[in-house]
$ cat protein-v8.csv   # CSV, C-alpha atoms and all ligand atoms
chain,number,residue,atom,x,y,z
A,1,MET,CA,-23.4,-17.1,-21.0
A,2,GLU,CA,-24.1,-13.8,-22.8
A,3,TRP,CA,-22.6,-10.7,-21.1
A,4,LEU,CA,-24.1,-7.3,-21.5
A,5,LEU,CA,-21.0,-5.9,-23.3
A,6,PRO,CA,-19.2,-9.0,-24.8
A,7,LEU,CA,-16.5,-7.0,-26.6
A,8,ALA,CA,-15.7,-4.8,-23.6
A,9,GLU,CA,-15.7,-8.0,-21.5
A,10,ALA,CA,-13.1,-9.6,-23.7
A,11,TYR,CA,-11.0,-6.4,-23.9
A,12,THR,CA,-11.0,-5.9,-20.1
A,13,LYS,CA,-9.8,-9.4,-19.7
A,14,GLU,CA,-7.1,-9.0,-22.3
A,15,MET,CA,-5.8,-5.7,-20.8
A,16,SER,CA,-5.8,-6.8,-17.2
A,17,SER,CA,-3.0,-8.6,-15.3
A,18,PRO,CA,-3.7,-12.3,-15.3
A,19,GLY,CA,-3.2,-13.2,-11.7
A,20,PRO,CA,-1.6,-16.5,-10.3
A,21,ALA,CA,-1.4,-19.4,-12.8
A,22,TYR,CA,-3.3,-21.7,-10.4
A,23,LEU,CA,-6.4,-19.6,-11.0
A,24,ALA,CA,-6.3,-20.3,-14.7
A,25,ALA,CA,-5.9,-24.0,-13.9
A,26,ILE,CA,-9.0,-23.9,-11.6
A,27,GLU,CA,-11.0,-22.1,-14.3
A,28,ALA,CA,-10.0,-24.6,-17.0
A,29,GLU,CA,-10.9,-27.6,-14.8
A,30,THR,CA,-14.2,-26.0,-13.8
A,31,LEU,CA,-15.0,-25.3,-17.5
A,32,SER,CA,-14.2,-28.8,-18.5
A,33,LEU,CA,-16.0,-30.6,-15.7
A,34,HIS,CA,-18.9,-28.5,-14.4
A,35,PRO,CA,-22.2,-28.0,-16.3
A,36,LYS,CA,-22.6,-24.6,-14.6
A,37,ALA,CA,-19.1,-23.4,-15.0
A,38,HIS,CA,-20.3,-19.9,-16.0
A,39,MET,CA,-21.0,-19.4,-12.2
A,40,LEU,CA,-17.2,-18.9,-11.7
A,41,CYS,CA,-16.6,-15.2,-11.5
A,42,GLY,CA,-13.7,-15.2,-13.9
A,43,PRO,CA,-10.4,-13.4,-14.2
A,44,VAL,CA,-11.5,-9.8,-14.3
A,45,VAL,CA,-13.8,-10.0,-11.3
A,46,GLY,CA,-11.3,-12.3,-9.7
A,47,ARG,CA,-8.6,-9.6,-10.0
A,48,PHE,CA,-11.0,-7.0,-8.8
A,49,LEU,CA,-11.7,-9.0,-5.7
A,50,ALA,CA,-8.0,-9.6,-5.1
A,51,LEU,CA,-7.2,-5.9,-5.5
A,52,LEU,CA,-10.0,-4.7,-3.2
A,53,SER,CA,-8.9,-7.3,-0.6
A,54,SER,CA,-5.2,-6.4,-0.9
A,55,LEU,CA,-6.1,-2.7,-0.4
A,56,LYS,CA,-8.3,-3.5,2.6
A,57,GLN,CA,-6.1,-6.2,4.2
A,58,PRO,CA,-9.1,-7.7,6.0
A,59,ARG,CA,-8.8,-9.8,9.2
A,60,TYR,CA,-12.1,-11.5,8.6
A,61,ILE,CA,-13.5,-12.3,5.1
A,62,LEU,CA,-16.8,-13.9,4.5
A,63,GLU,CA,-17.8,-15.5,1.2
A,64,ILE,CA,-21.3,-16.7,0.5
A,65,GLY,CA,-21.1,-19.2,-2.4
A,66,SER,CA,-17.7,-20.9,-2.7
A,67,PHE,CA,-18.4,-23.0,-5.8
A,68,THR,CA,-14.9,-24.4,-6.8
A,69,GLY,CA,-13.0,-21.9,-4.7
A,70,TYR,CA,-11.9,-19.5,-7.4
A,71,SER,CA,-13.2,-16.3,-5.9
A,72,GLY,CA,-12.3,-17.3,-2.4
A,73,LEU,CA,-8.7,-17.8,-3.5
A,74,CYS,CA,-8.7,-14.3,-5.0
A,75,LEU,CA,-10.2,-12.8,-1.8
A,76,ALA,CA,-7.6,-14.6,0.3
A,77,GLU,CA,-4.7,-12.8,-1.5
A,78,GLY,CA,-5.3,-9.8,0.6
A,79,LEU,CA,-5.9,-11.4,4.0
A,80,ALA,CA,-4.0,-9.7,6.9
A,81,PRO,CA,-1.4,-12.0,8.6
A,82,GLY,CA,-3.4,-14.3,10.9
A,83,GLY,CA,-6.6,-13.5,9.1
A,84,GLU,CA,-9.4,-15.9,8.4
A,85,LEU,CA,-11.5,-16.7,5.3
A,86,HIS,CA,-14.9,-18.2,6.0
A,87,SER,CA,-16.6,-19.5,2.9
A,88,ILE,CA,-20.1,-21.1,2.7
A,89,GLU,CA,-21.2,-23.6,0.2
A,90,ALA,CA,-24.5,-25.5,0.1
A,91,ARG,CA,-23.4,-28.3,-2.3
A,92,PRO,CA,-21.1,-31.0,-0.9
A,93,ALA,CA,-19.4,-31.8,-4.2
A,94,GLU,CA,-18.4,-28.1,-4.9
A,95,ALA,CA,-17.4,-27.7,-1.2
A,96,ALA,CA,-15.0,-30.6,-1.6
A,97,ILE,CA,-13.4,-29.1,-4.7
A,98,ALA,CA,-13.1,-25.7,-3.1
A,99,ARG,CA,-11.4,-27.3,-0.1
A,100,ARG,CA,-9.1,-29.3,-2.2
A,101,ASN,CA,-8.1,-26.2,-4.3
A,102,PHE,CA,-7.4,-24.2,-1.1
A,103,ASN,CA,-5.3,-27.0,0.4
A,104,GLN,CA,-3.3,-27.3,-2.8
A,105,PHE,CA,-2.8,-23.6,-3.7
A,106,MET,CA,-3.1,-21.7,-0.5
A,107,PRO,CA,-2.3,-24.1,2.4
A,108,GLN,CA,-1.1,-21.2,4.5
A,109,VAL,CA,-4.5,-19.6,4.6
A,110,SER,CA,-6.8,-20.2,7.6
A,111,LEU,CA,-9.8,-21.3,5.6
A,112,HIS,CA,-13.1,-22.2,7.3
A,113,LEU,CA,-15.3,-23.9,4.6
A,114,HIS,CA,-18.8,-24.2,6.0
A,115,GLU,CA,-20.9,-26.7,4.2
A,116,GLY,CA,-24.7,-26.1,4.2
A,117,ASP,CA,-27.3,-23.4,3.7
A,118,ALA,CA,-25.8,-20.0,4.2
A,119,HIS,CA,-29.1,-18.7,5.8
A,120,GLU,CA,-28.6,-21.2,8.6
A,121,ILE,CA,-24.8,-21.1,8.9
A,122,LEU,CA,-24.8,-17.3,9.1
A,123,LYS,CA,-26.8,-17.5,12.3
A,124,THR,CA,-23.8,-19.3,13.9
A,125,LEU,CA,-21.1,-16.9,12.7
A,126,HIS,CA,-20.6,-13.7,14.5
A,127,HIS,CA,-17.1,-12.5,13.4
A,128,PRO,CA,-16.7,-8.8,12.7
A,129,TRP,CA,-16.5,-9.1,8.9
A,130,ASP,CA,-14.2,-6.6,7.2
A,131,LEU,CA,-14.9,-7.9,3.7
A,132,VAL,CA,-17.9,-9.9,2.4
A,133,PHE,CA,-18.5,-11.4,-1.0
A,134,MET,CA,-22.1,-12.4,-1.7
A,135,ASP,CA,-22.4,-14.7,-4.7
A,136,ALA,CA,-25.0,-17.4,-3.9
A,137,ASP,CA,-28.8,-17.6,-4.2
A,138,LYS,CA,-30.0,-14.2,-5.6
A,139,THR,CA,-33.3,-14.5,-3.7
A,140,GLY,CA,-31.3,-14.5,-0.5
A,141,TYR,CA,-29.3,-11.3,-1.0
A,142,ALA,CA,-31.7,-9.0,0.9
A,143,GLN,CA,-31.8,-11.4,3.9
A,144,TYR,CA,-28.1,-11.9,4.0
A,145,LEU,CA,-27.4,-8.2,4.1
A,146,GLU,CA,-29.9,-7.8,6.9
A,147,GLN,CA,-28.3,-10.6,8.9
A,148,LEU,CA,-24.9,-9.1,8.4
A,149,LEU,CA,-25.7,-5.6,9.4
A,150,PRO,CA,-25.1,-6.1,13.2
A,151,VAL,CA,-21.8,-7.9,12.8
A,152,LEU,CA,-20.0,-6.0,10.1
A,153,ALA,CA,-16.8,-4.3,11.3
A,154,LYS,CA,-16.4,-0.6,11.0
A,155,GLY,CA,-15.6,0.4,7.4
A,156,ALA,CA,-16.6,-3.1,6.1
A,157,LEU,CA,-17.1,-3.5,2.4
A,158,VAL,CA,-19.8,-5.8,1.0
A,159,ILE,CA,-19.3,-6.9,-2.6
A,160,VAL,CA,-22.3,-8.4,-4.3
A,161,ASP,CA,-22.1,-10.2,-7.7
A,162,ASN,CA,-24.6,-10.4,-10.5
A,163,THR,CA,-26.5,-7.2,-9.7
A,164,LEU,CA,-27.2,-6.7,-13.4
A,165,PHE,CA,-28.4,-10.3,-13.6
A,166,HIS,CA,-27.5,-10.9,-17.3
A,167,GLY,CA,-29.1,-7.6,-18.2
A,168,GLN,CA,-32.5,-8.8,-17.1
A,169,VAL,CA,-32.9,-6.1,-14.5
A,170,LEU,CA,-32.9,-3.6,-17.4
A,171,GLN,CA,-36.0,-5.1,-19.0
A,172,THR,CA,-39.5,-3.9,-18.3
A,173,PRO,CA,-41.2,-5.6,-16.8
A,174,VAL,CA,-38.5,-7.5,-15.0
A,175,SER,CA,-39.5,-11.2,-15.2
A,176,GLY,CA,-38.1,-14.3,-13.6
A,177,LYS,CA,-37.7,-15.0,-9.9
A,178,ASN,CA,-34.0,-14.3,-9.7
A,179,ALA,CA,-34.0,-11.2,-11.8
A,180,LYS,CA,-36.9,-9.8,-9.8
A,181,ALA,CA,-35.1,-10.6,-6.5
A,182,VAL,CA,-32.0,-8.8,-7.7
A,183,GLN,CA,-34.0,-5.8,-9.0
A,184,ASP,CA,-35.9,-5.5,-5.6
A,185,PHE,CA,-32.5,-5.9,-3.8
A,186,ASN,CA,-30.9,-3.1,-5.9
A,187,GLN,CA,-33.9,-0.8,-5.3
A,188,ALA,CA,-34.1,-1.5,-1.6
A,189,ILE,CA,-30.4,-0.8,-1.0
A,190,LYS,CA,-30.5,2.4,-3.1
A,191,THR,CA,-33.2,3.8,-0.9
A,192,ASP,CA,-32.2,2.4,2.5
A,193,PRO,CA,-30.6,5.1,4.7
A,194,ARG,CA,-28.4,2.5,6.4
A,195,TRP,CA,-26.4,1.7,3.3
A,196,GLU,CA,-24.3,3.4,0.6
A,197,VAL,CA,-24.1,1.6,-2.7
A,198,LEU,CA,-22.2,1.8,-6.0
A,199,LEU,CA,-23.4,-0.5,-8.8
A,200,LEU,CA,-20.6,-1.1,-11.3
A,201,SER,CA,-21.2,-2.5,-14.8
A,202,VAL,CA,-18.3,-4.9,-14.5
A,203,ARG,CA,-19.1,-8.3,-16.1
A,204,ASP,CA,-22.6,-9.2,-14.7
A,205,GLY,CA,-22.8,-6.2,-12.4
A,206,ILE,CA,-21.0,-5.8,-9.1
A,207,SER,CA,-22.4,-3.7,-6.2
A,208,LEU,CA,-20.0,-2.3,-3.6
A,209,ILE,CA,-22.0,-1.6,-0.4
A,210,ARG,CA,-20.9,0.2,2.8
A,211,LYS,CA,-22.7,0.6,6.0
A,212,LYS,CA,-23.2,4.3,6.8
A,213,ASN,CA,-21.2,5.4,9.9
A,214,ASN,CA,-24.1,5.7,12.3
A,215,HIS,CA,-25.3,2.1,11.9
A,216,GLY,CA,-24.1,-1.0,13.8
A,217,VAL,CA,-20.7,-1.6,15.5
A,301,LIG,C1,-22.3,-18.3,-8.6
A,301,LIG,S1,-21.7,-19.7,-7.7
A,301,LIG,C2,-20.3,-19.0,-6.8
A,301,LIG,C3,-19.1,-18.8,-7.7
A,301,LIG,C4,-17.9,-18.4,-6.9
A,301,LIG,N1,-18.1,-17.3,-6.0
A,301,LIG,C5,-16.8,-18.1,-7.8
A,301,LIG,O1,-16.8,-17.0,-8.4
A,301,LIG,O2,-15.9,-18.9,-8.1
A,301,LIG,C6,-22.9,-19.8,-6.4
A,301,LIG,C7,-22.6,-20.9,-5.4
A,301,LIG,O3,-23.5,-20.7,-4.3
A,301,LIG,C8,-24.0,-21.9,-3.9
A,301,LIG,N2,-25.2,-21.7,-3.1
A,301,LIG,C9,-26.5,-21.4,-3.7
A,301,LIG,N3,-27.4,-21.2,-2.7
A,301,LIG,C10,-26.7,-21.3,-1.5
A,301,LIG,C11,-27.1,-21.2,-0.2
A,301,LIG,N4,-28.3,-20.9,0.2
A,301,LIG,N5,-26.2,-21.4,0.8
A,301,LIG,C12,-24.9,-21.7,0.4
A,301,LIG,N6,-24.4,-21.8,-0.8
A,301,LIG,C13,-25.4,-21.6,-1.8
A,301,LIG,C14,-24.2,-22.8,-5.1
A,301,LIG,O4,-24.1,-24.2,-4.8
A,301,LIG,C15,-23.0,-22.3,-5.9
A,301,LIG,O5,-21.8,-23.2,-5.8
$ encode --input "protein-v8.csv" --output "structure tokens" --more "lines below"
Ligand SMILES: C[S@@+](CC[C@H](N)C(=O)[O-])C[C@H]1O[C@@H](n2cnc3c(N)ncnc32)[C@H](O)[C@@H]1O
Amino acid sequence: MEWLLPLAEAYTKEMSSPGPAYLAAIEAETLSLHPKAHMLCGPVVGRFLALLSSLKQPRYILEIGSFTGYSGLCLAEGLAPGGELHSIEARPAEAAIARRNFNQFMPQVSLHLHEGDAHEILKTLHHPWDLVFMDADKTGYAQYLEQLLPVLAKGALVIVDNTLFHGQVLQTPVSGKNAKAVQDFNQAIKTDPRWEVLLLSVRDGISLIRKKNNHGV
């Protein structure tokens, strides 16, 4: 996988705290066994998620796209005592690995791993999410955010991965289904009066999104 700024990407990793050793083990296992290992968010984004979560101390975290559990374990580092992490994964094999990694490395965390299509599962979950990490199908981002609007807690933070989509959103015209979906999502959020957004050029692009005060609960 080519990143937008490969040298800066390597440097940010080198100059950041490494995080718990089990994360490196999960990354190494995923790299050695999974043909799409690049989907794992990696140490810099992982530390970013852990830091934001620790600052926020959420009661309810929602992750869309568990994969092998790496990012979920990072998010769980900041959970408030008694808090819950709900993570949704469509593929049974990945869900099983994520579940195993959680049981092994964070057995104390109340993990609810929902197996299936997030579009359907979200209809059954109505927790007041404090922190959301969206990292599944890019064509679903807009719909996920719309579904979440009524249930987000006051001051909730929504973190969205891959919003630069390998730099493809910078090309004109933007081509490819996923790049177009991400570009449309970015444009829509920017102009939607209900949301406030900051798109950061961290790794593959991370958007931080907040609901403006006068919308929702
Ligand atoms: C980019 S990976 C997630 C990586 C993970 N967040 C991490 O950093 O370790 C995306 C995951 O979303 C899952 N996924 C894709 N579409 C989905 C959907 N509609 N519902 C639930 N999961 C989905 C894929 O099977 C894949 O495991």
$ atom_distance --input "protein-v8.csv" --atom1 "atom CA of A:Pro20" --atom2 "atom CA of A:Trp3"
24.3 Å
$ axis_aligned_box --input "protein-v8.csv" --around "ligand LIG 301 (chain A)" --padding-each-side "4 Å" --output "AutoDock Vina command-line options"
--center_x -22.1 --center_y -20.6 --center_z -3.9 --size_x 20.4 --size_y 15.2 --size_z 17.4
$ closest_residue --input "protein-v8.csv" --among "A:Pro18, A:Gly116, A:Gly83, A:Pro43" --to "ligand LIG 301 (chain A)" --atoms "only C-alpha atoms and all ligand atoms"
A:Gly116
$ atom_distance --input "protein-v8.csv" --atom1 "atom C7 of ligand LIG 301 (chain A)" --atom2 "atom CA of A:Ser66"
5.6 Å
$ closest_residue --input "protein-v8.csv" --among "A:His127, A:His119, A:His166, A:Lys190" --to "ligand LIG 301 (chain A)" --atoms "only C-alpha atoms and all ligand atoms"
A:His119
$ closest_residue --input "protein-v8.csv" --among "A:Ala118, A:Leu55, A:Val44, A:Ala50" --to "ligand LIG 301 (chain A)" --atoms "only C-alpha atoms and all ligand atoms"
A:Ala118
$ atom_distance --input "protein-v8.csv" --atom1 "atom CA of A:Ala142" --atom2 "atom O1 of ligand LIG 301 (chain A)"
19.3 Å
$ closest_residue --input "protein-v8.csv" --among "A:Gly19, A:Pro128, A:Gly78, A:Gly140" --to "A:Gly65" --atoms "only C-alpha atoms"
A:Gly140
$ closest_residue --input "protein-v8.csv" --among "A:Lys36, A:Arg59, A:Arg47, A:Arg91" --to "ligand LIG 301 (chain A)" --atoms "all atoms listed in the file"
A:Arg91
$ residues_near_ligand --input "protein-v8.csv" --ligand "ligand LIG 301 (chain A)" --cutoff "6 Å" --atoms "only C-alpha atoms and all ligand atoms" --output "VMD selection string"
chain A and resid 39 to 41 65 to 71 88 to 91 116 to 118 135 to 137
$ residues_around --input "protein-v8.csv" --residues "A:Ala181" --least-positions-apart "2" --cutoff "9 Å" --atoms "all atoms listed in the file" --output "compact mmCIF listing (two decimals) with C-alpha atoms, keeping the file's coordinate frame"
# COMPACT_ATOMS: atom_id res chain seq x y z
CA LYS A 138 -30.00 -14.20 -5.60
CA THR A 139 -33.30 -14.50 -3.70
CA GLY A 140 -31.30 -14.50 -0.50
CA TYR A 141 -29.30 -11.30 -1.00
CA ALA A 142 -31.70 -9.00 0.90
CA GLY A 176 -38.10 -14.30 -13.60
CA LYS A 177 -37.70 -15.00 -9.90
CA ASN A 178 -34.00 -14.30 -9.70
CA ALA A 179 -34.00 -11.20 -11.80
CA GLN A 183 -34.00 -5.80 -9.00
CA ASP A 184 -35.90 -5.50 -5.60
CA PHE A 185 -32.50 -5.90 -3.80
CA ASN A 186 -30.90 -3.10 -5.90
$ build_atoms --input "protein-v8.csv" --residues "stretch 69-89 of chain A" --atoms "N, CA and C atoms" --output "mmCIF file, in the frame of the given file"
data_model
loop_
_atom_site.group_PDB
_atom_site.id
_atom_site.type_symbol
_atom_site.label_atom_id
_atom_site.label_comp_id
_atom_site.auth_asym_id
_atom_site.auth_seq_id
_atom_site.Cartn_x
_atom_site.Cartn_y
_atom_site.Cartn_z
ATOM 1 N N GLY A 69 -14.007 -22.586 -5.512
ATOM 2 C CA GLY A 69 -13.000 -21.900 -4.700
ATOM 3 C C GLY A 69 -12.232 -20.796 -5.409
ATOM 4 N N TYR A 70 -12.598 -20.518 -6.660
ATOM 5 C CA TYR A 70 -11.900 -19.500 -7.400
ATOM 6 C C TYR A 70 -11.916 -18.131 -6.756
ATOM 7 N N SER A 71 -13.123 -17.635 -6.501
ATOM 8 C CA SER A 71 -13.200 -16.300 -5.900
ATOM 9 C C SER A 71 -12.660 -16.231 -4.522
ATOM 10 N N GLY A 72 -12.812 -17.326 -3.775
ATOM 11 C CA GLY A 72 -12.300 -17.300 -2.400
ATOM 12 C C GLY A 72 -10.756 -17.208 -2.422
ATOM 13 N N LEU A 73 -10.117 -17.892 -3.361
ATOM 14 C CA LEU A 73 -8.700 -17.800 -3.500
ATOM 15 C C LEU A 73 -8.243 -16.360 -3.830
ATOM 16 N N CYS A 74 -9.035 -15.707 -4.663
ATOM 17 C CA CYS A 74 -8.700 -14.300 -5.000
ATOM 18 C C CYS A 74 -8.874 -13.415 -3.788
ATOM 19 N N LEU A 75 -9.968 -13.588 -3.054
ATOM 20 C CA LEU A 75 -10.200 -12.800 -1.800
ATOM 21 C C LEU A 75 -9.070 -13.000 -0.826
ATOM 22 N N ALA A 76 -8.616 -14.248 -0.712
ATOM 23 C CA ALA A 76 -7.600 -14.600 0.300
ATOM 24 C C ALA A 76 -6.261 -13.940 0.015
ATOM 25 N N GLU A 77 -6.030 -13.484 -1.213
ATOM 26 C CA GLU A 77 -4.700 -12.800 -1.500
ATOM 27 C C GLU A 77 -4.467 -11.635 -0.647
ATOM 28 N N GLY A 78 -5.546 -10.981 -0.181
ATOM 29 C CA GLY A 78 -5.300 -9.800 0.600
ATOM 30 C C GLY A 78 -5.458 -9.926 2.096
ATOM 31 N N LEU A 79 -5.686 -11.155 2.559
ATOM 32 C CA LEU A 79 -5.900 -11.400 4.000
ATOM 33 C C LEU A 79 -4.717 -10.831 4.827
ATOM 34 N N ALA A 80 -5.049 -10.187 5.938
ATOM 35 C CA ALA A 80 -4.000 -9.700 6.900
ATOM 36 C C ALA A 80 -3.347 -10.966 7.497
ATOM 37 N N PRO A 81 -2.080 -10.849 7.936
ATOM 38 C CA PRO A 81 -1.400 -12.000 8.600
ATOM 39 C C PRO A 81 -2.314 -12.443 9.779
ATOM 40 N N GLY A 82 -2.523 -13.760 9.865
ATOM 41 C CA GLY A 82 -3.400 -14.300 10.900
ATOM 42 C C GLY A 82 -4.859 -14.191 10.651
ATOM 43 N N GLY A 83 -5.198 -13.682 9.475
ATOM 44 C CA GLY A 83 -6.600 -13.500 9.100
ATOM 45 C C GLY A 83 -7.300 -14.799 8.776
ATOM 46 N N GLU A 84 -8.634 -14.729 8.666
ATOM 47 C CA GLU A 84 -9.400 -15.900 8.400
ATOM 48 C C GLU A 84 -10.383 -15.681 7.225
ATOM 49 N N LEU A 85 -10.498 -16.700 6.373
ATOM 50 C CA LEU A 85 -11.500 -16.700 5.300
ATOM 51 C C LEU A 85 -12.572 -17.700 5.647
ATOM 52 N N HIS A 86 -13.801 -17.248 5.765
ATOM 53 C CA HIS A 86 -14.900 -18.200 6.000
ATOM 54 C C HIS A 86 -15.737 -18.175 4.670
ATOM 55 N N SER A 87 -15.915 -19.363 4.115
ATOM 56 C CA SER A 87 -16.600 -19.500 2.900
ATOM 57 C C SER A 87 -17.751 -20.511 3.033
ATOM 58 N N ILE A 88 -18.947 -20.194 2.530
ATOM 59 C CA ILE A 88 -20.100 -21.100 2.700
ATOM 60 C C ILE A 88 -20.567 -21.639 1.405
ATOM 61 N N GLU A 89 -20.751 -22.948 1.385
ATOM 62 C CA GLU A 89 -21.200 -23.600 0.200
ATOM 63 C C GLU A 89 -22.244 -24.674 0.494
#
